[in-house]
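Peer 1: Just so it is clear, I am handing over coords_31.cif, which has mmCIF, C-alpha atoms.
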```cif
data_entry
loop_
_atom_site.label_atom_id
_atom_site.label_comp_id
_atom_site.auth_asym_id
_atom_site.auth_seq_id
_atom_site.Cartn_x
_atom_site.Cartn_y
_atom_site.Cartn_z
CA MET A 828 -19.80 37.75 -9.67
CA GLU A 829 -17.32 37.38 -6.80
CA ASN A 830 -20.14 37.27 -4.28
CA LYS A 831 -21.86 34.39 -5.95
CA THR A 832 -22.14 31.66 -3.34
CA PHE A 833 -20.07 28.60 -3.96
CA GLU A 834 -22.10 25.52 -4.71
CA PRO A 835 -19.99 22.44 -4.10
CA LYS A 836 -20.17 19.33 -6.18
CA ILE A 837 -20.63 16.30 -3.96
CA ILE A 838 -20.40 12.74 -5.13
CA ALA A 839 -22.04 10.18 -2.88
CA PHE A 840 -21.25 6.51 -3.22
CA VAL A 841 -24.09 4.67 -1.57
CA CYS A 842 -25.11 1.08 -1.21
CA ASN A 843 -28.17 -0.24 -2.95
CA TRP A 844 -29.83 -1.78 0.06
CA CYS A 845 -29.69 0.81 2.79
CA THR A 846 -28.58 4.32 1.95
CA TYR A 847 -30.05 4.41 -1.55
CA THR A 848 -33.32 3.11 -0.21
CA GLY A 849 -33.05 5.65 2.58
CA ALA A 850 -32.64 8.35 -0.07
CA ASP A 851 -35.74 6.99 -1.79
CA LEU A 852 -37.62 7.25 1.46
CA ALA A 853 -36.50 10.84 1.84
CA GLY A 854 -37.82 11.47 -1.67
CA THR A 855 -41.15 9.75 -1.27
CA SER A 856 -41.59 11.49 2.08
CA ARG A 857 -41.08 14.79 0.24
CA MET A 858 -38.15 15.77 2.42
CA LYS A 859 -35.94 18.40 0.90
CA TYR A 860 -32.18 18.22 0.86
CA GLU A 861 -29.36 20.16 -0.74
CA PRO A 862 -29.26 19.55 -4.49
CA ASN A 863 -25.44 19.53 -4.64
CA VAL A 864 -25.19 15.83 -4.23
CA ARG A 865 -24.98 13.26 -7.04
CA LEU A 866 -25.73 9.75 -5.90
CA ILE A 867 -23.93 6.77 -7.33
CA LYS A 868 -25.55 3.51 -6.40
CA LEU A 869 -23.39 0.44 -5.87
CA PRO A 870 -24.40 -3.02 -4.71
CA CYS A 871 -22.57 -2.69 -1.40
CA THR A 872 -20.13 -0.45 0.43
CA GLY A 873 -17.73 -3.35 0.09
CA ARG A 874 -17.80 -2.65 -3.65
CA ILE A 875 -16.56 0.90 -3.22
CA ASP A 876 -12.99 0.74 -4.37
CA PRO A 877 -10.97 3.65 -2.95
CA VAL A 878 -9.83 4.41 -6.49
CA MET A 879 -13.41 5.52 -7.18
CA ILE A 880 -13.13 8.13 -4.47
CA LEU A 881 -9.97 9.50 -6.07
CA LYS A 882 -11.66 9.42 -9.47
CA ALA A 883 -14.50 11.51 -8.12
CA PHE A 884 -12.00 14.13 -6.98
CA GLU A 885 -10.30 13.96 -10.36
CA LYS A 886 -13.61 14.62 -12.07
CA GLY A 887 -14.08 17.76 -10.03
CA ALA A 888 -15.83 16.72 -6.83
CA ASP A 889 -15.34 19.07 -3.90
CA GLY A 890 -16.35 16.40 -1.45
CA VAL A 891 -17.09 12.70 -1.46
CA LEU A 892 -19.63 10.96 0.71
CA VAL A 893 -19.61 7.25 1.29
CA SER A 894 -22.56 5.64 2.93
CA GLY A 895 -24.01 2.19 3.50
CA CYS A 896 -25.79 -0.13 5.88
CA HIS A 897 -25.21 -0.01 9.62
CA PRO A 898 -22.81 -2.64 10.92
CA GLY A 899 -24.67 -5.92 11.19
CA ASP A 900 -27.30 -4.87 8.63
CA CYS A 901 -25.35 -5.62 5.47
CA HIS A 902 -27.34 -7.42 2.81
CA TYR A 903 -24.24 -9.49 2.16
CA ASN A 904 -23.57 -9.92 5.90
CA ALA A 905 -20.02 -8.62 6.01
CA GLY A 906 -19.53 -6.17 3.12
CA ASN A 907 -19.68 -3.11 5.32
CA PHE A 908 -17.27 -4.60 7.86
CA HIS A 909 -14.70 -5.07 5.13
CA ALA A 910 -15.44 -1.59 3.85
CA ARG A 911 -15.06 -0.06 7.28
CA ARG A 912 -11.58 -1.48 7.69
CA ARG A 913 -10.60 -0.25 4.25
CA TRP A 914 -11.90 3.24 4.99
CA ILE A 915 -9.96 3.45 8.24
CA MET A 916 -6.78 2.88 6.26
CA PHE A 917 -7.79 5.02 3.30
CA HIS A 918 -8.99 8.12 5.10
CA LYS A 919 -5.82 8.17 7.17
CA LEU A 920 -3.77 7.89 4.01
CA LEU A 921 -5.65 10.73 2.34
CA ASP A 922 -5.34 12.84 5.44
CA PHE A 923 -1.59 12.21 5.42
CA VAL A 924 -1.14 13.39 1.83
CA GLY A 925 -3.23 16.49 2.36
CA ILE A 926 -6.82 15.76 1.43
CA ASP A 927 -8.75 17.46 4.20
CA GLU A 928 -10.81 15.09 6.33
CA ASN A 929 -13.78 17.41 5.85
CA ARG A 930 -13.91 16.56 2.15
CA LEU A 931 -14.46 12.90 2.72
CA HIS A 932 -17.39 11.81 4.81
CA PHE A 933 -18.52 8.38 5.89
CA SER A 934 -21.91 7.46 7.28
CA TRP A 935 -24.29 4.63 7.93
CA VAL A 936 -27.84 5.32 6.75
CA SER A 937 -30.41 2.56 6.82
CA ALA A 938 -33.42 2.16 4.53
CA SER A 939 -35.71 3.59 7.19
CA GLU A 940 -33.58 6.62 7.96
CA GLY A 941 -34.83 9.09 5.35
CA LYS A 942 -34.47 11.85 7.89
CA LYS A 943 -30.90 10.91 8.73
CA PHE A 944 -30.06 10.85 5.02
CA VAL A 945 -31.28 14.42 4.68
CA ASP A 946 -29.29 15.48 7.73
CA VAL A 947 -26.13 13.75 6.52
CA ILE A 948 -26.35 15.38 3.10
CA ASN A 949 -27.15 18.83 4.43
CA GLY A 950 -24.48 18.63 7.09
CA PHE A 951 -21.83 17.50 4.65
CA VAL A 952 -22.77 20.03 1.97
CA ASN A 953 -22.48 22.82 4.54
CA LYS A 954 -19.14 21.50 5.69
CA VAL A 955 -17.75 21.46 2.15
CA LYS A 956 -19.28 24.86 1.43
CA ALA A 957 -17.34 26.21 4.38
CA LYS A 958 -14.16 24.64 3.03
CA GLY A 959 -14.65 26.18 -0.39
CA PRO A 960 -13.71 24.66 -3.73
CA PHE A 961 -11.05 21.95 -3.77
CA GLU A 962 -8.52 24.21 -5.44
CA LYS A 963 -5.52 22.00 -4.90
CA TYR A 964 -7.04 19.15 -6.84
CA GLU A 965 -8.50 21.50 -9.45
CA LYS A 966 -5.00 22.76 -10.07
CA ILE A 967 -3.55 19.35 -10.85
CA ASN A 968 -6.63 18.57 -12.92
CA LYS A 969 -6.08 21.66 -15.04
CA GLU A 970 -2.46 20.84 -15.56
CA PHE A 971 -3.49 17.47 -16.83
CA VAL A 972 -5.66 19.04 -19.51
CA ILE A 973 -2.86 21.36 -20.63
CA ASN A 974 -0.20 18.66 -20.71
CA GLY A 975 -2.32 15.78 -21.77
CA MET B 814 30.82 -17.23 4.22
CA ASP B 815 32.59 -19.83 2.17
CA ASP B 816 30.11 -22.60 2.74
CA ILE B 817 27.40 -20.80 0.83
CA LYS B 818 28.37 -22.48 -2.44
CA LYS B 819 28.39 -25.83 -0.66
CA ILE B 820 24.97 -25.16 0.86
CA ALA B 821 23.55 -24.11 -2.48
CA ARG B 822 25.01 -27.14 -4.20
CA GLU B 823 23.67 -29.47 -1.55
CA LEU B 824 20.16 -28.18 -2.07
CA PHE B 825 20.36 -29.64 -5.56
CA THR B 826 22.16 -32.84 -4.75
CA SER B 827 19.82 -33.69 -1.89
CA GLY B 828 16.90 -33.14 -4.25
CA LYS B 829 15.33 -30.51 -2.01
CA VAL B 830 14.91 -27.98 -4.82
CA ASN B 831 14.91 -27.68 -8.59
CA ALA B 832 16.32 -24.17 -8.70
CA VAL B 833 17.94 -21.76 -6.30
CA LEU B 834 17.58 -18.00 -6.10
CA GLY B 835 20.69 -16.34 -4.82
CA TYR B 836 23.15 -13.54 -5.37
CA VAL B 837 26.21 -13.49 -7.60
CA SER B 838 28.79 -10.74 -7.72
CA ILE B 839 29.11 -8.45 -10.67
CA ASN B 840 31.62 -5.62 -11.15
CA GLY B 841 33.45 -6.07 -7.88
CA GLN B 842 31.36 -5.75 -4.75
CA ARG B 843 28.07 -5.25 -6.55
CA THR B 844 25.68 -8.21 -6.58
CA LYS B 845 22.81 -9.21 -8.76
CA PRO B 846 20.01 -11.74 -8.36
CA PHE B 847 20.67 -15.08 -9.97
CA LEU B 848 18.57 -18.16 -10.57
CA ALA B 849 20.65 -21.34 -10.60
CA THR B 850 18.93 -24.24 -12.28
CA LYS B 851 21.92 -26.62 -12.22
CA PRO B 852 24.29 -27.44 -9.32
CA GLU B 853 27.34 -26.06 -11.11
CA GLU B 854 25.64 -22.70 -11.58
CA THR B 855 25.83 -22.06 -7.85
CA ASP B 856 29.62 -21.72 -7.95
CA ASN B 857 29.48 -17.95 -8.12
CA PHE B 858 27.01 -17.50 -5.30
CA ILE B 859 28.00 -14.89 -2.80
CA ILE B 860 26.75 -13.35 0.44
CA ASN B 861 28.16 -9.99 1.41
CA LYS B 862 27.06 -6.55 2.55
CA TYR B 863 25.72 -5.77 -0.90
CA ILE B 864 22.96 -8.35 -1.21
CA LEU B 865 20.43 -5.55 -1.50
CA ASN B 866 17.77 -7.13 -3.69
CA ASN B 867 14.75 -8.74 -2.12
CA LEU B 868 14.66 -12.00 -4.06
CA THR B 869 11.16 -12.91 -2.93
CA VAL B 870 9.83 -10.70 -5.70
CA TYR B 871 10.66 -13.55 -8.08
CA LEU B 872 8.79 -16.23 -6.16
CA THR B 873 5.45 -15.26 -7.68
CA LYS B 874 6.73 -14.97 -11.25
CA LYS B 875 5.54 -17.55 -13.75
CA GLU B 876 9.03 -18.05 -15.13
CA ILE B 877 10.23 -19.14 -11.70
CA LEU B 878 7.14 -21.04 -10.62
CA LYS B 879 7.58 -23.49 -13.47
CA TYR B 880 10.64 -24.97 -11.74
CA GLY B 881 8.50 -26.26 -8.90
CA LYS B 882 10.35 -26.29 -5.64
CA ILE B 883 12.62 -23.27 -5.25
CA GLY B 884 15.42 -22.60 -2.81
CA ILE B 885 15.93 -19.00 -1.82
CA PHE B 886 18.54 -17.08 0.12
CA ALA B 887 16.66 -14.61 2.24
CA LYS B 888 17.50 -11.99 4.84
CA GLY B 889 15.15 -11.40 7.74
CA CYS B 890 13.29 -8.63 5.89
CA ASP B 891 12.95 -10.80 2.78
CA VAL B 892 11.50 -13.59 4.89
CA LYS B 893 8.82 -11.18 6.05
CA ALA B 894 7.79 -10.89 2.41
CA ILE B 895 7.69 -14.68 2.13
CA VAL B 896 5.47 -14.80 5.22
CA ALA B 897 3.18 -12.16 3.74
CA LEU B 898 2.97 -14.15 0.50
CA LEU B 899 2.10 -17.25 2.54
CA GLN B 900 -0.57 -15.27 4.39
CA GLU B 901 -2.06 -14.29 1.07
CA SER B 902 -1.84 -17.85 -0.31
CA GLN B 903 0.39 -16.77 -3.17
CA ILE B 904 3.02 -19.44 -2.57
CA LYS B 905 2.99 -22.81 -0.85
CA ARG B 906 5.28 -23.35 2.11
CA GLU B 907 6.39 -26.75 0.86
CA GLU B 908 7.35 -25.27 -2.50
CA VAL B 909 9.90 -22.89 -1.01
CA TYR B 910 13.08 -23.89 0.77
CA ILE B 911 14.28 -20.90 2.76
CA VAL B 912 17.97 -20.48 3.52
CA GLY B 913 17.75 -17.76 6.14
CA ILE B 914 20.63 -15.34 6.40
CA ASN B 915 21.54 -13.95 9.80
CA CYS B 916 22.00 -10.36 8.78
CA ASN B 917 23.99 -7.54 10.30
CA GLY B 918 22.71 -4.94 7.91
CA VAL B 919 23.37 -4.27 4.27
CA CYS B 920 24.89 -1.27 2.57
CA ALA B 921 22.59 1.52 1.40
CA ASP B 922 23.88 1.28 -2.15
CA PHE B 923 26.28 -0.75 -4.27
CA ASP B 924 29.03 1.76 -4.83
CA MET B 925 29.68 2.68 -1.21
CA GLU B 926 32.13 1.43 1.32
CA PHE B 927 30.17 -0.35 4.05
CA SER B 928 30.34 1.31 7.45
CA GLY B 929 28.06 2.43 10.24
CA GLU B 930 27.21 5.45 8.12
CA THR B 931 26.40 3.80 4.83
CA ILE B 932 24.24 1.07 6.31
CA ALA B 933 20.76 0.99 4.76
CA LEU B 934 18.25 2.98 6.80
CA LYS B 935 15.91 0.03 7.09
CA CYS B 936 18.63 -1.92 8.92
CA LEU B 937 19.04 0.63 11.71
CA ASN B 938 16.15 -0.57 13.81
CA CYS B 939 15.66 -3.99 12.27
CA GLU B 940 13.63 -6.43 14.35
CA VAL B 941 14.31 -9.49 12.22
CA ARG B 942 18.07 -9.82 11.92
CA THR B 943 17.50 -13.51 12.46
CA PRO B 944 14.72 -14.50 10.03
CA LYS B 945 11.43 -15.55 11.59
CA LEU B 946 10.96 -18.48 9.27
CA TYR B 947 13.58 -20.66 7.63
CA ASP B 948 14.55 -24.21 6.77
CA GLU B 949 18.19 -23.63 7.47
CA LEU B 950 20.09 -20.71 8.85
CA ILE B 951 23.51 -19.39 7.89
CA GLY B 952 25.83 -16.81 9.39
CA THR B 953 25.72 -15.25 12.83
CA THR B 954 24.34 -11.99 14.11
CA GLU B 955 26.63 -9.58 15.87
CA GLU B 956 25.75 -7.14 18.61
CA MET B 957 24.46 -3.99 16.97
CA PRO B 958 23.01 -0.99 18.76
CA LYS B 959 19.65 0.16 17.42
CA ALA B 960 19.59 3.61 15.93
CA ASP B 961 16.89 5.96 14.78
CA ASP B 962 16.40 6.22 11.04
CA GLY B 963 14.61 9.55 11.34
CA LYS B 964 11.54 8.41 9.39
CA LEU B 965 9.22 8.41 12.37
CA LYS B 966 10.21 11.96 13.15
CA MET B 967 9.56 13.00 9.56
CA ILE B 968 6.14 11.36 9.59
CA ARG B 969 5.20 13.07 12.85
CA LYS B 970 6.39 16.36 11.44
CA ILE B 971 4.22 15.97 8.33
CA GLU B 972 1.23 14.90 10.41
CA ALA B 973 1.44 18.14 12.36
CA LEU B 974 1.15 20.26 9.21
CA SER B 975 -2.06 21.65 7.75
CA SER B 976 -3.77 19.86 4.87
CA ALA B 977 -2.56 22.44 2.36
CA GLU B 978 1.03 22.10 3.52
CA LYS B 979 0.87 18.31 3.40
CA TRP B 980 -0.59 18.51 -0.08
CA ASP B 981 2.21 20.78 -1.26
CA ILE B 982 4.87 18.41 0.06
CA PHE B 983 3.40 15.40 -1.69
CA GLU B 984 2.47 17.26 -4.85
CA GLU B 985 6.11 18.20 -5.19
CA GLN B 986 7.29 14.67 -4.47
CA PHE B 987 4.79 12.92 -6.74
CA ASP B 988 5.48 15.42 -9.50
CA LYS B 989 8.90 13.81 -9.87
CA CYS B 990 7.30 10.48 -10.79
CA ILE B 991 7.95 9.39 -14.36
CA LYS B 992 5.58 6.42 -14.17
CA CYS B 993 8.29 3.86 -14.80
CA TYR B 994 6.58 1.54 -12.29
CA ALA B 995 9.94 0.41 -10.93
CA CYS B 996 8.39 0.63 -7.45
CA ARG B 997 5.76 -1.88 -8.50
CA GLN B 998 8.21 -4.23 -10.20
CA ALA B 999 10.58 -4.26 -7.25
CA CYS B 1000 7.84 -4.95 -4.72
CA PRO B 1001 7.43 -8.57 -3.65
CA LEU B 1002 3.81 -7.91 -2.73
CA CYS B 1003 2.81 -6.18 -5.97
CA TYR B 1004 2.15 -9.50 -7.66
CA CYS B 1005 -1.14 -8.82 -9.49
CA GLU B 1006 -0.95 -10.24 -12.97
CA ARG B 1007 -2.71 -7.17 -14.19
CA CYS B 1008 -2.14 -4.02 -12.20
CA ILE B 1009 -4.97 -1.52 -11.83
CA SER B 1010 -2.70 1.07 -13.42
CA ASP B 1011 -2.62 -1.04 -16.60
CA LYS B 1012 -6.38 -1.31 -16.88
CA SER B 1013 -7.65 0.97 -19.59
CA VAL B 1014 -11.39 0.31 -19.72
CA PRO B 1015 -12.13 2.23 -17.64
CA ARG B 1016 -8.87 4.03 -17.16
CA TRP B 1017 -8.80 4.36 -13.37
CA ILE B 1018 -5.33 5.80 -13.14
CA GLU B 1019 -4.10 8.16 -15.84
CA SER B 1020 -1.12 6.58 -17.53
CA SER B 1021 0.63 9.82 -18.37
CA ALA B 1022 3.15 11.16 -15.91
CA SER B 1023 0.95 14.17 -15.22
CA LYS B 1024 0.43 15.53 -11.73
CA ARG B 1025 -3.02 14.04 -11.58
CA GLY B 1026 -1.96 10.61 -12.79
CA ASN B 1027 1.05 10.63 -10.50
CA PHE B 1028 -1.07 11.54 -7.52
CA SER B 1029 -3.56 8.73 -8.15
CA TRP B 1030 -0.85 6.21 -8.85
CA ASN B 1031 1.19 6.91 -5.76
CA ILE B 1032 -1.84 7.01 -3.48
CA ILE B 1033 -3.31 3.81 -4.86
CA ARG B 1034 0.05 2.06 -4.78
CA ALA B 1035 0.43 3.00 -1.12
CA PHE B 1036 -3.12 1.96 -0.37
CA HIS B 1037 -2.80 -1.40 -2.09
CA LEU B 1038 0.17 -2.05 0.19
CA ALA B 1039 -1.52 -0.73 3.32
CA GLY B 1040 -1.26 -3.32 6.05
CA ARG B 1041 0.76 -5.53 3.70
CA CYS B 1042 4.05 -3.71 3.17
CA ILE B 1043 6.80 -5.41 5.14
CA GLY B 1044 9.20 -2.48 4.85
CA CYS B 1045 11.96 -3.97 2.71
CA ASN B 1046 12.20 -0.55 1.06
CA GLU B 1047 12.90 -1.99 -2.36
CA CYS B 1048 10.39 0.41 -3.97
CA GLU B 1049 12.27 3.41 -2.70
CA ARG B 1050 15.61 1.95 -3.70
CA ALA B 1051 14.28 1.19 -7.18
CA CYS B 1052 12.79 4.65 -7.66
CA PRO B 1053 14.98 6.60 -10.08
CA MET B 1054 13.40 9.88 -9.02
CA GLU B 1055 14.01 9.40 -5.32
CA ILE B 1056 10.42 9.77 -4.22
CA PRO B 1057 10.24 8.98 -0.48
CA LEU B 1058 7.80 6.11 -0.91
CA SER B 1059 8.82 4.63 2.42
CA LEU B 1060 7.15 7.55 4.19
CA LEU B 1061 3.76 6.48 2.85
CA ASN B 1062 4.43 2.80 3.45
CA ARG B 1063 5.67 3.43 6.94
CA LYS B 1064 2.74 5.68 7.73
CA MET B 1065 0.30 2.95 6.69
CA ALA B 1066 2.21 0.37 8.72
CA MET B 1067 1.91 2.70 11.68
CA VAL B 1068 -1.84 3.01 11.17
CA ALA B 1069 -2.10 -0.79 10.98
CA GLN B 1070 -0.25 -1.12 14.22
CA GLU B 1071 -2.03 1.68 16.05
CA GLU B 1072 -5.52 0.75 14.92
CA PHE B 1073 -5.32 -3.01 14.70
CA LYS B 1074 -2.11 -4.04 16.48
CA TYR B 1075 -1.19 -5.66 13.21
CA VAL B 1076 2.30 -6.08 11.83
CA SER B 1077 2.62 -7.61 8.40
CA GLY B 1078 4.94 -10.51 7.68
CA LEU B 1079 5.43 -11.99 11.12
CA ASP B 1080 3.08 -14.96 11.29
CA PRO B 1081 1.93 -16.94 8.24
CA ASN B 1082 -1.13 -18.16 10.10
CA THR B 1083 -2.73 -14.81 10.95
CA PRO B 1084 -5.31 -13.56 8.46
CA THR B 1085 -4.35 -10.51 6.44
CA LEU B 1086 -5.39 -7.11 7.69
CA ILE B 1087 -7.52 -5.99 4.76
CA GLY B 1088 -8.86 -9.50 4.13
CA SER B 1089 -10.37 -9.76 7.59
CA TYR B 1090 -12.43 -7.58 9.91
CA ASP B 1091 -13.37 -7.20 13.51
CA LEU B 1092 -16.82 -6.26 14.80
CA LYS B 1093 -15.11 -3.81 17.14
CA ASP B 1094 -13.19 -1.88 14.48
CA ASP B 1095 -13.05 1.85 15.06
CA GLU B 1096 -15.97 3.80 13.70
CA ASP B 1097 -15.70 7.11 15.42
CA PHE B 1098 -15.12 8.74 12.05
CA ILE B 1099 -18.37 7.38 10.62
CA GLU B 1100 -21.56 9.39 11.16
#
```
Let me see the structure of the file written as structure tokens.
Peer 2:
Amino acid sequence: MENKTFEPKIIAFVCNWCTYTGADLAGTSRMKYEPNVRLIKLPCTGRIDPVMILKAFEKGADGVLVSGCHPGDCHYNAGNFHARRRWIMFHKLLDFVGIDENRLHFSWVSASEGKKFVDVINGFVNKVKAKGPFEKYEKINKEFVING
Amino acid sequence: MDDIKKIARELFTSGKVNAVLGYVSINGQRTKPFLATKPEETDNFIINKYILNNLTVYLTKKEILKYGKIGIFAKGCDVKAIVALLQESQIKREEVYIVGINCNGVCADFDMEFSGETIALKCLNCEVRTPKLYDELIGTTEEMPKADDGKLKMIRKIEALSSAEKWDIFEEQFDKCIKCYACRQACPLCYCERCISDKSVPRWIESSASKRGNFSWNIIRAFHLAGRCIGCNECERACPMEIPLSLLNRKMAMVAQEEFKYVSGLDPNTPTLIGSYDLKDDEDFIE
């Protein structure tokens, strides 16, 4: 049982217009990617409240991926610019309190980049696999269940 | 500063304000915030080394707003909060009459004798001893050498640790949290009518003082103040469990300065950090 390979749980917050459509393209093109990822579609990366990223970790994610349109391609013109600034602040904050940078990944994947989507997912899943389960967060999650 | 009562009274008699926020003494040297709504109520106003509260926290409260134009006694750091509130369009400049206080530092706590040693840490390398924005100015600043408050060193030390070590430090600190939300109540920039921690459908932040809920709360609190916190340190002073909240706030202020050359609370006409963007923002961390 000990040798059983660790399969990480990855939550991906993606925007409706680019990355989700890119994922669709990967699917319709029959490209295969790691099945560890659960996609959550949101209207725009600007809609991704950092509290959602924390919630994903609370619910047992080992890694969180955030992805949207390339700068300049946003369906709402500026959503991803706002998001980018927020992420700069947020990932530095998480890094400071001890959430490894390798557990949080940001990318731009456009609707035509099915191949890049596959690469991003595979690359990130491998990175989190190498890191192992997010034991620190699991521990405080468990304590919550006992106390709460 | 004897003329403070006169100044406060004059604000009323000249019709500049309908109410004045100031400090009155209580139990000796201790002070408490006080809202004077009549000229004679300003008789007990006081300015000393123990005017610790940041009165700007009241400027956004409904109970205060109803008076219309408000006068406020504000130290340099408090004025930064006023500027930040102006930046975020939470108050109108013409609705606030600022009596700026030239400040030579305040005491770290009420029941201490003021000296070079008991001065509040935030005062040690203060950049705004003369407020940046005011309608009238009282007092004078004295020569004061700048000193290191040790926070920067602590932050650099934490940054150099591994993720697991950082986590352990903050897990231990956040574990002390009892979710009293004093940090939120004391903060002049935590003015949301309904805080995300009070929202229950869905429940984004666990309300119990469990490790998980504490972690989310303290991270989200720090993030919601990222690029906004003006460093008045009221959250840390209000915290009954002595969680070093200023470390997080200071760290985020450092990121704002390093990444965007942005300092909160200096100019009411600059757009806020999180409310604006630049096409050239860093994206080396994005694949």
Peer 1: Check what the PyMOL selection byres ((chain B) within 8 of (chain A)) selects in the file above and give those residues as a short mmCIF file (atom, residue, chain, number, x, y, z; two decimals) with C-alpha atoms, in the frame of the given file.
Peer 2:
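Written out: selection-v7.cif:
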```cif
data_model
loop_
_atom_site.label_atom_id
_atom_site.label_comp_id
_atom_site.auth_asym_id
_atom_site.auth_seq_id
_atom_site.Cartn_x
_atom_site.Cartn_y
_atom_site.Cartn_z
CA ILE B 971 4.22 15.97 8.33
CA GLU B 972 1.23 14.90 10.41
CA SER B 975 -2.06 21.65 7.75
CA SER B 976 -3.77 19.86 4.87
CA ALA B 977 -2.56 22.44 2.36
CA GLU B 978 1.03 22.10 3.52
CA LYS B 979 0.87 18.31 3.40
CA TRP B 980 -0.59 18.51 -0.08
CA ASP B 981 2.21 20.78 -1.26
CA PHE B 983 3.40 15.40 -1.69
CA TRP B 1017 -8.80 4.36 -13.37
CA SER B 1021 0.63 9.82 -18.37
CA SER B 1023 0.95 14.17 -15.22
CA LYS B 1024 0.43 15.53 -11.73
CA ARG B 1025 -3.02 14.04 -11.58
CA SER B 1029 -3.56 8.73 -8.15
CA ILE B 1032 -1.84 7.01 -3.48
CA ILE B 1033 -3.31 3.81 -4.86
CA PHE B 1036 -3.12 1.96 -0.37
CA ALA B 1039 -1.52 -0.73 3.32
CA LEU B 1061 3.76 6.48 2.85
CA LYS B 1064 2.74 5.68 7.73
CA MET B 1065 0.30 2.95 6.69
CA VAL B 1068 -1.84 3.01 11.17
CA ALA B 1069 -2.10 -0.79 10.98
CA ILE B 1087 -7.52 -5.99 4.76
CA GLY B 1088 -8.86 -9.50 4.13
CA SER B 1089 -10.37 -9.76 7.59
CA TYR B 1090 -12.43 -7.58 9.91
CA ASP B 1091 -13.37 -7.20 13.51
CA LEU B 1092 -16.82 -6.26 14.80
CA ASP B 1094 -13.19 -1.88 14.48
CA ASP B 1095 -13.05 1.85 15.06
CA GLU B 1096 -15.97 3.80 13.70
CA PHE B 1098 -15.12 8.74 12.05
CA ILE B 1099 -18.37 7.38 10.62
CA GLU B 1100 -21.56 9.39 11.16
#
```
Peer 1: Grab all the atoms of region 833-839 of chain A that the file lists, wrap them in a box along x, y and z, add 6 Å per side, and give me centre plus edge lengths in Å (one decimal) as JSON.
Peer 2:
```
{"center_x": -21.0, "center_y": 19.4, "center_z": -4.5, "size_x": 14.1, "size_y": 30.4, "size_z": 15.3}
```
Peer 1: Under the PyMOL selection byres ((chain A and resi 871) around 7), which residues of this model are included? Write them out as a VMD selection string.
Peer 2: chain A and resid 842 to 843 869 to 870 872 to 874 906
Peer 1: Could you spell out the hits of the PyMOL selection byres ((chain B and resi 819) around 12) on the shown file, as a PyMOL selection string?
Peer 2: chain B and resi 814-818+820-827+852-859+951
Peer 1: Which distance in Å separates CA of Pro958 (chain B) and CA of Phe927 (chain B), to one decimal?
Peer 2: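 About the pair CA of Pro958 (chain B) and CA of Phe927 (chain B): they are 16.4 Å apart.
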Peer 1: With distances taken over all atoms listed in the file, which of A:Cys845, A:Ile838, A:Leu852, A:Ile948 is nearest to Cys896 (chain A)?
Peer 2: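 Result for the nearest residue to Cys896 (chain A): A:Cys845.
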Peer 1: Can you measure CA of Tyr910 (chain B) to CA of Glu955 (chain B) for me? One decimal in Å is fine.
Peer 2: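 These two atoms are separated by 24.8 Å.
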Peer 1: When you look at Lys875 (chain B) with a cut-off of 12 Å (counting all atoms listed in the file), what residues show up, excluding the ones that are within fewer than 3 positions of it in the same chain? I need them as number ranges by chain.
Peer 2: B: 870-872, 878-881, 903-904, 1004-1006
Peer 1: Which residues, written as a ChimeraX atom specification, have at least one atom at most 10 Å from Met925 (chain B), with only C-alpha atoms counted and residues fewer than 4 positions away on the same chain left out?
Peer 2: /B:842-843,863,920-921,931-932
Peer 1: With 12 Å as the threshold, what does the neighbourhood of (-23.0, 23.3, 4.7) contain in terms of residues, counting only C-alpha atoms? Coordinates are those of the file; answer as a VMD selection string.
Peer 2: chain A and resid 832 to 837 860 to 864 890 929 to 930 946 to 959
Peer 1: What separation in Å, quoted to one decimal, exists between CA of Tyr836 (chain B) and CA of Glu949 (chain B)?
Peer 2: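 Calculated distance between CA of Tyr836 (chain B) and CA of Glu949 (chain B) is 17.1 Å.
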Peer 1: Between B:Ala999, B:Ile1043, B:Ile968, B:Cys916, single out the one closest to Glu956 (chain B), counting all atoms listed in the file.
Peer 2: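 Distance minimum relative to Glu956 (chain B) lands on B:Cys916.
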Peer 1: Which of these residues is nearest to Cys936 (chain B), using only C-alpha atoms: B:Glu1071, B:Asp924, B:Asp962, B:Asp1011?
Peer 2: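 Using only C-alpha atoms, Cys936 (chain B) sits closest to B:Asp962.
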Peer 1: I'd like to know which of A:Leu866, A:Leu931, A:Ala883, A:Ala888 is closest to Gly849 (chain A), using all atoms listed in the file.
Peer 2: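 Going through A:Leu866, A:Leu931, A:Ala883, A:Ala888 one by one, the smallest distance to Gly849 (chain A) is for A:Leu866.
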Peer 1: Using all atoms listed in the file, which residue out of A:Ala938, A:Val891, A:Ala853, A:Val945 lies closest to Phe961 (chain A)?
Peer 2: A:Val891
